[in-house]
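Everything below belongs to final-v3.txt, which stores compact mmCIF, C-alpha atoms and all ligand atoms.
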```txt
# COMPACT_ATOMS: atom_id res chain seq x y z
CA MET B 12 18.07 33.73 8.32
CA SER B 13 18.11 32.15 4.89
CA GLN B 14 14.89 32.10 2.90
CA ILE B 15 14.65 28.34 3.03
CA VAL B 16 15.09 28.23 6.80
CA SER B 17 12.35 30.78 7.31
CA ALA B 18 10.06 28.74 5.01
CA LEU B 19 10.87 25.63 7.04
CA ASN B 20 10.10 27.40 10.32
CA LYS B 21 6.75 28.51 8.93
CA PHE B 22 5.97 24.98 7.79
CA GLU B 23 6.86 23.52 11.20
CA ASP B 24 4.68 26.07 12.99
CA PHE B 25 1.80 25.24 10.66
CA VAL B 26 2.09 21.49 11.32
CA LYS B 27 2.41 22.02 15.08
CA SER B 28 -0.71 24.22 15.07
CA ILE B 29 -2.66 21.37 13.46
CA TYR B 30 -1.42 18.68 15.84
CA ALA B 31 -0.96 20.55 19.14
CA PRO B 32 -0.25 19.37 21.80
CA GLU B 33 1.40 16.38 20.05
CA THR B 34 5.22 16.66 20.33
CA PRO B 35 7.03 15.59 18.38
CA VAL B 36 4.45 15.48 15.60
CA LEU B 37 4.62 11.94 14.25
CA LEU B 38 4.44 11.02 10.58
CA HIS B 39 1.42 8.78 11.05
CA ARG B 40 -0.01 7.49 14.31
CA PRO B 41 -3.18 5.42 14.67
CA VAL B 42 -6.43 6.70 16.17
CA PHE B 43 -8.51 4.46 18.47
CA GLU B 44 -11.55 6.52 19.35
CA GLY B 45 -14.31 4.00 18.55
CA ASN B 46 -15.33 0.55 19.78
CA GLU B 47 -11.81 -0.92 19.86
CA LYS B 48 -11.75 -1.65 23.60
CA THR B 49 -15.33 -2.98 23.62
CA TYR B 50 -14.68 -5.44 20.79
CA LEU B 51 -11.32 -6.55 22.22
CA THR B 52 -12.96 -7.18 25.59
CA GLU B 53 -15.70 -9.21 23.90
CA CYS B 54 -13.02 -11.41 22.29
CA ILE B 55 -11.14 -11.92 25.55
CA ASP B 56 -14.31 -12.60 27.56
CA SER B 57 -15.43 -15.15 24.97
CA ASN B 58 -11.99 -16.83 24.82
CA PHE B 59 -12.00 -16.45 21.00
CA VAL B 60 -8.74 -14.58 20.57
CA SER B 61 -6.93 -16.58 17.93
CA SER B 62 -7.76 -18.52 14.80
CA VAL B 63 -11.42 -19.18 15.56
CA GLY B 64 -14.03 -16.48 16.12
CA ALA B 65 -16.67 -14.35 14.46
CA LYS B 66 -14.70 -11.11 14.13
CA VAL B 67 -12.61 -12.31 11.19
CA THR B 68 -15.69 -13.00 9.06
CA GLU B 69 -17.28 -9.74 10.20
CA PHE B 70 -14.15 -7.77 9.26
CA GLU B 71 -13.98 -9.48 5.86
CA GLN B 72 -17.64 -8.61 5.23
CA LYS B 73 -17.00 -4.97 6.15
CA ILE B 74 -14.16 -4.82 3.60
CA VAL B 75 -16.41 -6.41 0.94
CA ALA B 76 -19.12 -3.83 1.65
CA PHE B 77 -16.66 -0.94 1.59
CA THR B 78 -14.57 -1.82 -1.47
CA GLY B 79 -17.22 -3.47 -3.61
CA ALA B 80 -14.94 -6.49 -4.15
CA LYS B 81 -16.98 -9.70 -4.17
CA TYR B 82 -14.66 -11.54 -1.75
CA ALA B 83 -12.18 -10.59 0.98
CA ILE B 84 -9.84 -12.94 2.85
CA ALA B 85 -8.06 -11.65 5.95
CA THR B 86 -4.37 -12.43 6.50
CA VAL B 87 -1.73 -11.79 9.19
CA ASN B 88 -0.23 -8.90 7.23
CA GLY B 89 -0.12 -7.30 3.81
CA THR B 90 3.08 -9.05 2.80
CA ALA B 91 1.47 -12.46 3.43
CA ALA B 92 -1.54 -11.32 1.39
CA LEU B 93 0.82 -10.42 -1.48
CA HIS B 94 2.64 -13.74 -1.20
CA VAL B 95 -0.59 -15.72 -1.48
CA ALA B 96 -2.10 -13.45 -4.16
CA LEU B 97 0.98 -13.94 -6.35
CA GLU B 98 0.80 -17.69 -5.87
CA LEU B 99 -2.91 -17.64 -6.79
CA ALA B 100 -2.13 -15.57 -9.88
CA GLY B 101 0.07 -18.48 -10.97
CA VAL B 102 3.55 -17.18 -10.17
CA ILE B 103 6.06 -20.01 -9.64
CA ARG B 104 9.82 -20.35 -9.09
CA ASP B 105 12.04 -18.70 -11.76
CA ASP B 106 9.19 -16.62 -13.21
CA GLU B 107 9.44 -12.86 -13.55
CA VAL B 108 7.07 -10.33 -12.01
CA ILE B 109 6.82 -6.73 -13.22
CA CYS B 110 7.21 -4.35 -10.25
CA GLN B 111 7.83 -0.65 -9.76
CA ALA B 112 11.30 0.18 -8.43
CA LEU B 113 9.95 3.09 -6.40
CA SER B 114 7.95 1.20 -3.79
CA PHE B 115 8.01 -0.39 -0.36
CA ILE B 116 10.07 -3.59 -0.04
CA ALA B 117 7.05 -5.87 0.61
CA THR B 118 6.26 -6.53 -3.06
CA CYS B 119 9.77 -7.63 -3.95
CA ASN B 120 9.96 -9.74 -0.80
CA ALA B 121 6.73 -11.55 -1.66
CA VAL B 122 7.98 -12.21 -5.22
CA SER B 123 11.21 -13.58 -3.75
CA TYR B 124 9.46 -15.92 -1.26
CA ILE B 125 8.12 -17.76 -4.31
CA GLY B 126 11.57 -17.89 -5.91
CA ALA B 127 10.51 -15.56 -8.71
CA LYS B 128 12.43 -12.45 -9.85
CA PRO B 129 11.23 -8.85 -9.99
CA VAL B 130 11.83 -6.82 -13.15
CA PHE B 131 11.48 -3.08 -12.66
CA VAL B 132 9.61 -0.48 -14.66
CA ASP B 133 9.41 3.26 -14.13
CA VAL B 134 6.77 5.26 -12.28
CA ASP B 135 4.58 8.07 -13.50
CA MET B 136 5.48 11.65 -12.47
CA ALA B 137 1.86 12.59 -11.74
CA THR B 138 0.72 9.53 -9.76
CA LEU B 139 4.09 8.35 -8.31
CA GLY B 140 2.75 4.85 -9.12
CA MET B 141 3.59 2.41 -11.90
CA SER B 142 3.62 4.06 -15.32
CA ALA B 143 1.27 2.48 -17.87
CA GLU B 144 3.54 3.80 -20.64
CA ALA B 145 6.53 2.12 -19.04
CA VAL B 146 4.67 -1.20 -18.78
CA LYS B 147 3.65 -0.98 -22.46
CA ALA B 148 7.17 -0.07 -23.55
CA PHE B 149 8.74 -2.85 -21.48
CA LEU B 150 6.36 -5.47 -22.84
CA HIS B 151 6.74 -4.31 -26.47
CA GLN B 152 10.50 -4.32 -26.20
CA HIS B 153 11.14 -7.43 -24.13
CA ALA B 154 8.08 -9.70 -24.16
CA GLU B 155 6.76 -12.22 -26.66
CA LEU B 156 3.80 -14.57 -26.55
CA ARG B 157 4.56 -18.26 -26.94
CA ASN B 158 1.31 -20.24 -27.15
CA GLY B 159 -0.43 -17.39 -25.36
CA VAL B 160 2.11 -17.23 -22.54
CA ALA B 161 4.31 -14.15 -22.08
CA TYR B 162 8.08 -14.70 -22.02
CA ASN B 163 10.92 -12.25 -21.59
CA LYS B 164 13.01 -12.56 -24.81
CA THR B 165 16.16 -11.42 -23.01
CA SER B 166 16.07 -13.66 -19.94
CA GLY B 167 13.95 -16.50 -21.38
CA ARG B 168 11.81 -16.44 -18.23
CA ARG B 169 8.03 -16.46 -18.13
CA ILE B 170 6.47 -13.13 -17.07
CA SER B 171 3.63 -14.32 -14.85
CA ALA B 172 2.31 -11.24 -13.04
CA CYS B 173 2.45 -7.46 -12.78
CA VAL B 174 2.13 -5.69 -9.40
CA PRO B 175 1.31 -1.97 -9.64
CA MET B 176 1.14 -0.02 -6.39
CA HIS B 177 -1.01 2.99 -5.45
CA THR B 178 1.69 5.13 -3.87
CA PHE B 179 0.71 6.98 -0.66
CA GLY B 180 -2.95 6.29 -1.55
CA HIS B 181 -2.86 8.07 -4.93
CA PRO B 182 -4.26 5.70 -7.56
CA CYS B 183 -1.95 4.83 -10.45
CA ASP B 184 -3.31 4.53 -14.00
CA ILE B 185 -4.56 1.04 -13.24
CA VAL B 186 -7.05 0.83 -16.13
CA SER B 187 -4.30 1.33 -18.74
CA ILE B 188 -1.92 -0.99 -16.90
CA VAL B 189 -4.49 -3.80 -16.83
CA ALA B 190 -5.18 -3.22 -20.56
CA ALA B 191 -1.46 -3.37 -21.40
CA CYS B 192 -1.02 -6.59 -19.40
CA ASP B 193 -4.17 -8.15 -20.92
CA GLU B 194 -2.50 -7.99 -24.34
CA TYR B 195 0.12 -10.39 -23.00
CA ASN B 196 -2.22 -12.46 -20.79
CA ILE B 197 -0.35 -11.24 -17.71
CA PRO B 198 -2.53 -11.13 -14.56
CA VAL B 199 -2.40 -7.98 -12.44
CA VAL B 200 -2.11 -8.18 -8.66
CA GLU B 201 -2.79 -4.72 -7.24
CA ASP B 202 -0.79 -3.64 -4.22
CA ALA B 203 -3.49 -1.46 -2.65
CA ALA B 204 -1.84 -1.62 0.79
CA GLU B 205 -1.83 2.18 1.04
CA SER B 206 -5.06 2.98 -0.79
CA LEU B 207 -8.04 1.79 1.25
CA GLY B 208 -10.60 4.51 0.52
CA SER B 209 -9.08 5.59 -2.83
CA TYR B 210 -11.02 5.40 -6.08
CA VAL B 211 -10.49 5.55 -9.80
CA GLY B 212 -13.73 7.10 -10.97
CA LYS B 213 -16.22 5.41 -8.69
CA GLN B 214 -14.38 2.08 -8.48
CA HIS B 215 -12.27 1.22 -5.43
CA SER B 216 -8.54 0.69 -5.92
CA GLY B 217 -7.49 -2.94 -5.63
CA THR B 218 -10.53 -4.22 -7.54
CA PHE B 219 -9.22 -3.70 -11.09
CA GLY B 220 -6.77 -6.58 -11.23
CA LEU B 221 -7.31 -10.31 -10.84
CA LEU B 222 -6.51 -9.89 -7.14
CA GLY B 223 -5.71 -6.97 -4.87
CA ILE B 224 -4.22 -6.70 -1.39
CA LEU B 225 -4.65 -4.33 1.55
CA SER B 226 -2.51 -3.77 4.65
CA PHE B 227 -3.59 -2.86 8.17
CA ASN B 228 -0.14 -2.29 9.61
CA GLY B 229 0.12 0.26 12.44
CA ASN B 230 0.90 3.14 10.08
CA LYS B 231 -1.87 2.53 7.52
CA ILE B 232 -5.19 4.43 7.28
CA ILE B 233 -6.81 1.83 9.53
CA THR B 234 -4.88 -0.66 11.61
CA THR B 235 -5.41 -4.07 13.18
CA GLY B 236 -1.98 -3.93 14.84
CA GLY B 237 -0.79 -6.13 12.00
CA GLY B 238 -3.02 -7.46 9.27
CA GLY B 239 -3.80 -7.71 5.60
CA MET B 240 -6.53 -8.68 3.17
CA ILE B 241 -6.77 -10.31 -0.23
CA ILE B 242 -9.64 -8.97 -2.35
CA THR B 243 -10.96 -10.49 -5.58
CA ASN B 244 -14.12 -10.95 -7.63
CA ASP B 245 -13.21 -14.55 -8.54
CA PRO B 246 -15.02 -17.15 -6.39
CA VAL B 247 -12.51 -19.94 -7.15
CA LEU B 248 -9.49 -17.79 -6.22
CA ALA B 249 -11.30 -16.56 -3.10
CA ALA B 250 -11.94 -20.13 -1.94
CA ARG B 251 -8.31 -21.09 -2.66
CA ALA B 252 -7.10 -18.01 -0.79
CA LYS B 253 -9.07 -19.00 2.30
CA HIS B 254 -7.86 -22.60 2.03
CA ILE B 255 -4.12 -21.99 1.67
CA THR B 256 -4.00 -19.17 4.24
CA THR B 257 -5.52 -21.53 6.84
CA THR B 258 -3.08 -24.49 6.61
CA ALA B 259 -5.07 -26.11 3.75
CA LYS B 260 -7.15 -28.01 6.28
CA ILE B 261 -10.15 -29.95 5.01
CA PRO B 262 -13.14 -29.01 7.17
CA HIS B 263 -13.89 -31.83 9.61
CA PRO B 264 -15.32 -31.85 13.17
CA PHE B 265 -12.19 -33.48 14.66
CA GLU B 266 -9.76 -34.93 12.10
CA TYR B 267 -6.62 -33.10 10.98
CA VAL B 268 -6.41 -33.61 7.24
CA HIS B 269 -4.58 -31.16 4.99
CA ASP B 270 -4.55 -31.62 1.22
CA GLU B 271 -1.53 -29.47 0.28
CA ILE B 272 1.20 -27.36 1.87
CA GLY B 273 -0.65 -24.36 3.22
CA TYR B 274 0.28 -21.30 5.26
CA ASN B 275 -0.65 -20.20 8.75
CA TYR B 276 -1.52 -16.72 7.49
CA ARG B 277 -4.95 -16.34 9.06
CA LEU B 278 -5.64 -13.07 10.88
CA PRO B 279 -6.23 -13.70 14.62
CA ASN B 280 -9.67 -12.82 15.95
CA LEU B 281 -8.20 -10.15 18.29
CA ASN B 282 -6.74 -8.26 15.36
CA ALA B 283 -9.97 -8.60 13.40
CA ALA B 284 -11.86 -7.12 16.36
CA LEU B 285 -9.66 -4.02 16.11
CA GLY B 286 -10.33 -3.97 12.37
CA CYS B 287 -14.11 -4.02 12.87
CA ALA B 288 -13.89 -1.02 15.19
CA GLN B 289 -11.55 0.83 12.83
CA MET B 290 -13.84 0.21 9.84
CA GLU B 291 -16.63 2.02 11.67
CA GLN B 292 -14.40 5.12 11.69
CA LEU B 293 -12.97 4.82 8.17
CA ASP B 294 -15.32 7.31 6.48
CA TYR B 295 -14.45 9.80 9.19
CA PHE B 296 -10.69 9.18 8.83
CA ILE B 297 -10.92 9.69 5.07
CA SER B 298 -12.86 12.94 5.35
CA GLN B 299 -10.37 14.25 7.94
CA LYS B 300 -7.41 13.27 5.77
CA ARG B 301 -8.90 14.92 2.71
CA GLU B 302 -9.56 18.04 4.77
CA LEU B 303 -5.96 17.99 6.03
CA ALA B 304 -4.70 17.59 2.45
CA SER B 305 -6.65 20.63 1.31
CA ARG B 306 -5.15 22.67 4.17
CA TYR B 307 -1.66 21.54 3.11
CA GLU B 308 -2.49 22.30 -0.52
CA ALA B 309 -3.54 25.85 0.38
CA PHE B 310 -0.45 26.30 2.59
CA PHE B 311 1.94 25.21 -0.18
CA SER B 312 0.17 27.07 -3.01
CA ASN B 313 2.57 30.02 -2.66
CA SER B 314 5.67 27.99 -1.93
CA ASP B 315 8.55 26.52 -3.92
CA MET B 316 7.68 23.19 -2.32
CA THR B 317 5.11 21.35 -4.46
CA PHE B 318 2.28 19.51 -2.70
CA ILE B 319 1.39 16.19 -4.39
CA LYS B 320 -2.31 16.15 -5.33
CA GLN B 321 -4.63 13.31 -6.25
CA PRO B 322 -4.40 12.29 -9.93
CA LYS B 323 -7.09 13.48 -12.37
CA GLY B 324 -10.26 11.39 -12.33
CA CYS B 325 -9.31 9.84 -9.00
CA GLU B 326 -10.32 10.28 -5.40
CA SER B 327 -7.39 9.69 -3.07
CA ASN B 328 -7.51 8.77 0.62
CA TYR B 329 -4.43 11.02 1.08
CA TRP B 330 -3.01 8.37 3.39
CA LEU B 331 0.46 9.91 3.48
CA ASN B 332 0.89 13.47 2.26
CA ALA B 333 3.93 14.17 0.11
CA LEU B 334 5.94 17.14 -1.12
CA GLN B 335 8.18 17.42 -4.14
CA LEU B 336 11.27 19.50 -3.46
CA ASP B 337 13.68 21.09 -5.93
CA SER B 338 16.80 19.07 -5.38
CA LEU B 339 18.54 16.46 -3.27
CA GLU B 340 20.24 19.29 -1.31
CA GLN B 341 16.91 20.96 -0.54
CA ARG B 342 15.45 17.57 0.41
CA ASN B 343 18.28 16.89 2.84
CA GLU B 344 17.98 20.32 4.42
CA PHE B 345 14.21 19.81 4.75
CA LEU B 346 14.63 16.40 6.45
CA GLU B 347 17.37 17.63 8.81
CA HIS B 348 15.55 20.78 9.86
CA THR B 349 12.05 19.33 10.37
CA ASN B 350 13.19 16.22 12.25
CA ALA B 351 15.42 18.33 14.50
CA ASN B 352 12.47 20.60 15.27
CA GLY B 353 9.79 18.14 16.32
CA VAL B 354 8.10 17.54 12.96
CA MET B 355 8.69 14.02 11.72
CA THR B 356 9.28 13.74 7.98
CA ARG B 357 10.79 11.03 5.80
CA PRO B 358 12.19 10.60 2.34
CA ILE B 359 10.48 8.29 -0.15
CA TRP B 360 11.93 4.77 -0.39
CA ARG B 361 15.27 3.84 -1.90
CA LEU B 362 14.78 2.31 -5.34
CA MET B 363 14.46 -1.47 -5.11
CA ASN B 364 17.11 -2.06 -7.80
CA CYS B 365 19.64 -0.20 -5.62
CA LEU B 366 19.25 -2.72 -2.79
CA GLU B 367 21.83 -5.50 -2.68
CA MET B 368 19.23 -8.29 -3.17
CA PHE B 369 17.75 -6.82 -6.35
CA LYS B 370 20.72 -5.05 -7.93
CA ASP B 371 20.97 -7.51 -10.82
CA CYS B 372 17.28 -7.31 -11.77
CA GLN B 373 16.40 -6.03 -15.23
CA HIS B 374 14.98 -2.48 -15.38
CA ASP B 375 14.01 0.11 -17.96
CA GLY B 376 16.30 2.98 -16.92
CA LEU B 377 13.84 4.29 -14.30
CA SER B 378 14.46 7.95 -15.09
CA ASN B 379 11.33 9.28 -13.31
CA ALA B 380 11.91 7.05 -10.29
CA ILE B 381 15.51 8.25 -9.94
CA TRP B 382 14.41 11.89 -10.22
CA LEU B 383 11.58 11.47 -7.69
CA GLU B 384 13.69 9.46 -5.22
CA GLU B 385 15.86 12.55 -4.73
CA ARG B 386 12.96 14.97 -4.22
CA ILE B 387 9.91 13.38 -2.58
CA VAL B 388 9.34 13.61 1.19
CA ASN B 389 6.40 12.65 3.39
CA ILE B 390 4.96 15.03 5.95
CA PRO B 391 2.76 14.40 9.03
CA SER B 392 -0.55 12.88 7.97
CA SER B 393 -2.33 11.43 11.02
CA VAL B 394 -5.99 12.22 11.58
CA PRO B 395 -5.82 15.26 13.88
CA VAL B 396 -7.33 13.86 17.09
CA VAL B 397 -8.49 17.23 18.35
CA ALA B 398 -10.88 17.40 15.43
CA LEU B 399 -12.17 13.94 16.29
CA LYS B 400 -12.82 14.74 19.95
CA LYS B 401 -14.88 17.78 18.99
CA GLU B 402 -17.46 15.49 17.33
C1 LIG D 1 2.39 -1.51 4.06
C2 LIG D 1 2.65 -2.02 2.71
C3 LIG D 1 2.59 -3.39 2.38
C4 LIG D 1 2.27 -4.49 3.35
O1 LIG D 1 2.90 -4.35 4.53
P1 LIG D 1 2.64 -5.23 5.84
O2 LIG D 1 3.44 -4.48 6.84
O3 LIG D 1 3.16 -6.59 5.55
O4 LIG D 1 1.18 -5.25 6.16
C5 LIG D 1 2.80 -3.75 1.07
N1 LIG D 1 3.05 -2.85 0.13
C6 LIG D 1 3.09 -1.53 0.39
C7 LIG D 1 3.35 -0.59 -0.72
C8 LIG D 1 2.92 -1.07 1.69
O5 LIG D 1 2.99 0.24 1.94
```
Represent the supplied structure as structure tokens.
Amino acid sequence: MSQIVSALNKFEDFVKSIYAPETPVLLHRPVFEGNEKTYLTECIDSNFVSSVGAKVTEFEQKIVAFTGAKYAIATVNGTAALHVALELAGVIRDDEVICQALSFIATCNAVSYIGAKPVFVDVDMATLGMSAEAVKAFLHQHAELRNGVAYNKTSGRRISACVPMHTFGHPCDIVSIVAACDEYNIPVVEDAAESLGSYVGKQHSGTFGLLGILSFNGNKIITTGGGGMIITNDPVLAARAKHITTTAKIPHPFEYVHDEIGYNYRLPNLNAALGCAQMEQLDYFISQKRELASRYEAFFSNSDMTFIKQPKGCESNYWLNALQLDSLEQRNEFLEHTNANGVMTRPIWRLMNCLEMFKDCQHDGLSNAIWLEERIVNIPSSVPVVALKKE
């Protein structure tokens, strides 16, 4: 047996021992061990299942209390939250938005819904998130201020937002990114979809930019089935977010009057009920995930597979654990072997600029992103339910 195969067998046995009797071991499944059924039943019994009901407000308040953001506005999913957050940041048709190429498709989709264009900068090797150095370099090379507004000298387009993402829950260097963008009056919209429960110092991710967004999709650290949230400290933006995500209806006891084209992006009460129950378990999920990460870290300490750790000065929720392998060949062997043997693993995303829709977008060479794309894999990261049931 080759050395790599024996290392893979050991890894698979280790994962199976954590998750037994789960077979196959999934990459990330939700856990519903709290008041989910009680709160859902309350909604159904009260008939408030849809766009009216108390659970939405309650869920928003729980997110405010947890993240320290002043305002939270629930949406149908994280992509819708991004769409609205970009619009509120002032992005309009034909603008450019700075994105990382190594990310999930949602950001680029949201930019495209507005008719704006992504431009791609590189990621940082340590955080896997947007590189502050790359943002600075891109702006110094390509941007100029005209009457205080940033324009791309090459394309002539206005650069109206920057969307860093906290990859797998590991915070990127958001403080430096915001500082670099401030020099060019470019608002930052933080894609914190993966980083509920992750902190830079003592401050929650998603609260550094003008606006941040969260996702509660089925694979995230907590889930509402589908759902998202816009977070901000700005009262005017918060009020606008609520207004345009709820069809821009002017409050009235019976008249339908809408004062602009709004969206039907409001989170249904049923989903919010799930969210309230999940929030009660969030501290527990985070502690279990951090415990799992330290077990993985110890397991991989004597291995030629490198476990990705939280960046310095940060506390990560370790939403999705990741390994860095030596080469594309080793990565492929890892993915083939583990998936064939009941341990679900996945490669990191394809770079956005390699997808047909975004292949003509400007980028900075993306050397780290290209290197990481060939080597990063995700490994099973659910909260081990056995541990939960012991409580
Ligand atoms: C999950 C996710 C989103 C939002 O996804 P939805 O499925 O629309 O809730 C956005 N960005 C990133 C990086 C994500 O991982």
Discussion item. Need to verify the contact set: Ala250 in chain B, 12 Å, all atoms listed in the file, exclusion of same-chain residues closer than 6 positions in sequence. Can you return it as a ChimeraX atom specification?
Written reply: /B:81-84,99,241-244,256-257,259
Item to complete: Counting all atoms listed in the file, write as a ChimeraX atom specification all protein and nucleic acid residues lying at most 12 Å from (-4.2, -2.6, 13.6) in the file's frame.
Response: /B:40-43,47,51,87-89,226-239,278-290
Discussion item. For a test of reading the model, state the distance in Å between CA of Gly324 in chain B and CA of Glu302 in chain B, rounded to one decimal.
Written reply: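 Separation of CA of Gly324 in chain B and CA of Glu302 in chain B: 18.4 Å.
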Worksheet item: Could you name the residues that touch range 344-360 of chain B at 7 Å or less, counting all atoms listed in the file, but leaving out those on the same chain fewer than 3 positions away, as number ranges by chain?
Response: B: 23, 34-38, 113-115, 340-341, 384, 387-391
Practice prompt. Give as a list in words the set of residues within 10 Å of the point (3.5, -3.7, -23.4), where distances use the file's coordinates and all atoms listed in the file.
Written response: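 Result, sorted by chain then residue number: Ala143, Glu144, Ala145, Val146, Lys147, Ala148, Phe149, Leu150, His151, Gln152, His153, Ala154, Glu155, Ile188, Ala190, Ala191, Cys192, Asp193, Glu194 and Tyr195 of chain B.
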Output as AutoDock Vina command-line options the centre and edge lengths (Å, one decimal) of the box along x, y and z of the file that holds every listed atom of ligand LIG 1 (chain D) after adding 5 Å on each side.
```
--center_x 2.3 --center_y -3.2 --center_z 3.1 --size_x 12.3 --size_y 16.8 --size_z 17.6
```
Discussion item. Here is a test: counting only C-alpha atoms and all ligand atoms, which residue of B:Lys323, B:Arg386, B:Arg104, B:His181 is nearest to ligand LIG 1 (chain D)?
Written reply: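 So, comparing all the options, the nearest one is B:His181.
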Worksheet item: Can you tell me how far atom C2 of ligand LIG 1 (chain D) sits from CA of Ala204 in chain B, in Å to one decimal?
Response: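 CA of Ala204 in chain B lies 4.9 Å from atom C2 of ligand LIG 1 (chain D).
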Worksheet entry | Among the residues B:Phe265, B:Phe179, B:Tyr210, B:Tyr50, the one that comes closest to ligand LIG 1 (chain D) [using all atoms listed in the file] |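 Of the candidates, the smallest distance to ligand LIG 1 (chain D) is held by B:Phe179.
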Worksheet item: Using only C-alpha atoms and all ligand atoms, which of B:Pro262, B:Pro395, B:Gly64, B:Gly140 sits nearest ligand LIG 1 (chain D)?
Response: B:Gly140
Fill in: Which of B:Phe77, B:Ala380, B:Arg277, B:Leu334 sits closest to Cys365 in chain B [using only C-alpha atoms]
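Among the listed residues, the smallest separation from Cys365 in chain B belongs to B:Ala380.
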Fill in: Closest of B:Ile125, B:Val174, B:Ala80, B:Val67 to Asp245 in chain B - atom-to-atom distances counting only C-alpha atoms
B:Ala80
Practice prompt. Go through B:Tyr307, B:Asn332, B:Val63, B:Gly45 and flag the residue nearest Glu205 in chain B, using all atoms listed in the file for the distances.
Written response: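 Checking each candidate against Glu205 in chain B, we get B:Asn332 as the closest.
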Worksheet item: Quick one: distance from CA of Cys372 in chain B to CA of Ser338 in chain B in Å, one decimal?
Response: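 So the answer is 27.1 Å.
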